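Worksheet: one structure, shown below.
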Amino acid sequence: MTKNFAHRGFSGRYPENTMLAFQKAVETGVDGIELDVHLTKDGCPVIIHDETVNRTCGAEGRVGRLTLEELRELDASYLWRGQVGRNTIPTLREYCQMAAELPLVTNIELKTNICEYPGIEEKVLGLIREFRLEDRVIISSFNHYSVLRMRALAPELKYGLLSESWLVGAGKYVSDLGIPCYHPIYGNMTPAHVQELKQYGLEINTFTVNTEEDVRRLAGLGVDAVIGNYPDMAKRVLEQL
Ligand code: G3P
Ligand code: MG
């Protein structure tokens with residue numbers, strides 16, 4: 001059965017990439033949680049989507065040029081002000097503490113596609129090992145070099161390559177690199193593409209699937225997971241199939 005992953009936590013109803021959104025995803029009974037990781041100026045892995053704090057925190061500055069202490073003063077619920085209380089930008093450590101107690105899969109997206117964060121792969125790996133999450137993570141990135149760097153450090157973990165493009169020969173490309181998962185944008189998932197990827201034995205986890213119609217269509221095509229902002233809706237639709 002197609003699995004249900006919460007994109008940036010339960011981000012359709014709560015501030016994305018906050019502990020609140022992760023807890024609400026857990027309460028919804030998701031199979032997995034997707035989150036985005038950057039490094040602070042002082043080298044701490046933190047969970048936020050953008051390279052800057054501008055959109056989600058209503059502040060200014062690049063994540064990589066701010067210290068953890070500076071980031072922790074910001075409100076990651078800025079876009080939800082008046083609706084929910086204050087939420088800090090979580091550290092990956094904080095998330096791992098929660099996930100260590102739970103059976104769900106965590107899809108850690110390394111946000112190394114715009115800014116490179118030297119050492120991010122080692123730091124993320126350190127936390128995965130410290131909290132014994134080795135058998136419950138999928139590491140993905142749009143920066144495929146970043147994925148390969150991390151795999152060189154920890155071949156035992158599961159990896160996925162992200163793509164927003166209509167790649168020709170994606171199945172062969174991913175499979176030749178020895179990566180088991182492909183994480184494409186959902187609009188590219190035609191029956192022919194899914195068939196090609198399946199021929200290479202790849203696990204297909206597709207994003208960002210936010211409507212009932214798309215959940216039904218993609219599950220019907222046999223994708224392995226839908227990653228979306230409304231995991232309550234996806235759960236209901238998947239259970240009806
Ligand atoms: O990992 C799937 C998805 O999160 C990739 O796109 O921009 O939402 O991080 P984005
Ligand atoms: Mg992401």
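In the structure tokens, chains take the letters A, B, ... in the order shown, each chain's residues start at 1, and ligands count up from 1 in the order shown.
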
Item to check | Test item: residues lying within 7 Å of ligand 1 with only C-alpha atoms and all ligand atoms, as JSON, numbers by chain | outcome: {"A": [7, 8, 34, 35, 36, 49, 109, 140, 162, 183, 207, 208, 227]}

Checklist entry - Near Gly178 (chain A), within 12 Å and counting only C-alpha atoms, which residues show up once chain neighbours fewer than 3 positions away are dropped, as number ranges by chain? => result A: 147-148, 151-152, 155, 158-161, 171-175, 181-182, 200-202

Checklist entry - If you count only C-alpha atoms, which residues fall within 6 Å of Ala21 (chain A), apart from same-chain ones fewer than 3 positions away, as JSON, numbers by chain? => result {"A": [9, 10, 14, 18, 24]}

Only N, CA and C atoms, please: the residues just picked out, written as a PDB file, in the first residue's frame.
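Below is the file that was written, part-v8.pdb:
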```pdb
ATOM      1  N   GLY A   9       6.274  18.176   8.019  1.00  0.00           N
ATOM      2  CA  GLY A   9       5.299  17.938   9.087  1.00  0.00           C
ATOM      3  C   GLY A   9       3.901  18.144   8.531  1.00  0.00           C
ATOM      4  N   PHE A  10       2.930  18.353   9.427  1.00  0.00           N
ATOM      5  CA  PHE A  10       1.542  18.603   8.992  1.00  0.00           C
ATOM      6  C   PHE A  10       1.473  20.083   8.613  1.00  0.00           C
ATOM      7  N   TYR A  14      -0.422  23.587  10.193  1.00  0.00           N
ATOM      8  CA  TYR A  14       0.446  24.086  11.266  1.00  0.00           C
ATOM      9  C   TYR A  14       1.715  24.652  10.630  1.00  0.00           C
ATOM     10  N   THR A  18       8.065  22.730  12.088  1.00  0.00           N
ATOM     11  CA  THR A  18       8.164  23.033  13.526  1.00  0.00           C
ATOM     12  C   THR A  18       7.853  21.745  14.286  1.00  0.00           C
ATOM     13  N   LYS A  24       1.826  16.966  15.306  1.00  0.00           N
ATOM     14  CA  LYS A  24       0.485  16.813  14.725  1.00  0.00           C
ATOM     15  C   LYS A  24       0.495  15.742  13.629  1.00  0.00           C
TER      16      LYS A  24
END
```

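A straight line drawn from CA of Met19 (chain A) to CA of Glu239 (chain A) is 26.2 Å long.
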
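Minimum distance to ligand 2 across A:Lys111, A:Glu122, A:Arg65, A:Gln195 (counting only C-alpha atoms and all ligand atoms) occurs at A:Lys111.
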
Item to check | Nearest to Asn87 (chain A), chosen from A:Cys44, A:Val105, A:Cys57, A:Leu39, with only C-alpha atoms counted in the distances | outcome: A:Cys57

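Of the listed residues (A:Val63, A:Ile89, A:Met1, A:Leu74), A:Ile89 comes nearest to Glu16 (chain A); the distances count only C-alpha atoms.
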
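The residue that comes closest to Thr56 (chain A), out of A:Thr91, A:His38, A:Pro15, A:Gly187 and on the basis of only C-alpha atoms, is A:Pro15.
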
Checklist entry - Using only C-alpha atoms and all ligand atoms, which residue out of A:Leu20, A:Leu218, A:Ile185, A:Ile128 lies closest to ligand 2? => result A:Ile185

Next on the checklist: From a backbone DSSP assignment, name each residue in region 12-229 of chain A labelled strand (DSSP E or B), as a PyMOL selection string.
Outcome noted: chain A and resi 32-39+45-47+52+62+81+84+91+105-110+137-141+158-163+181-185+203-207+225-228

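Minimum atom-to-atom distances from A:Glu213, A:Glu164, A:Asp42, A:Glu101 to ligand 2 were compared using only C-alpha atoms and all ligand atoms, and the lowest value belongs to A:Glu164.
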
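All residues of protein, DNA or RNA that reach within 12 Å of Glu134 (chain A), judged by only C-alpha atoms and not counting those fewer than 6 positions away in the chain, are Cys96, Ala99, Ala100, Pro103, Leu104, Val105, Thr106, Asn107, Ile108, Val124, Leu125, Gly126, Leu127, Ile128, Ala154, Pro155, Glu156, Leu157, Lys158 and Tyr159 of chain A.
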
Next on the checklist: Let's see if you can do this: from backbone DSSP, list all alpha helix (DSSP H) residues in region 4-119 of chain A, as a PyMOL selection string.
Outcome noted: chain A and resi 19-28+54-57+68-72+92-99

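Within the 12 Å cut-off around Gln240 (chain A), using only C-alpha atoms and omitting residues fewer than 3 positions from it on the same chain, the listed residues are Met1, Thr2, Glu212, Val215, Arg216, Ala219, Met233, Ala234, Lys235, Arg236 and Val237 of chain A.
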
Item to check | Two-atom distance - CA of Arg13 (chain A), CA of Pro90 (chain A) (Å) | outcome: 17.6 Å
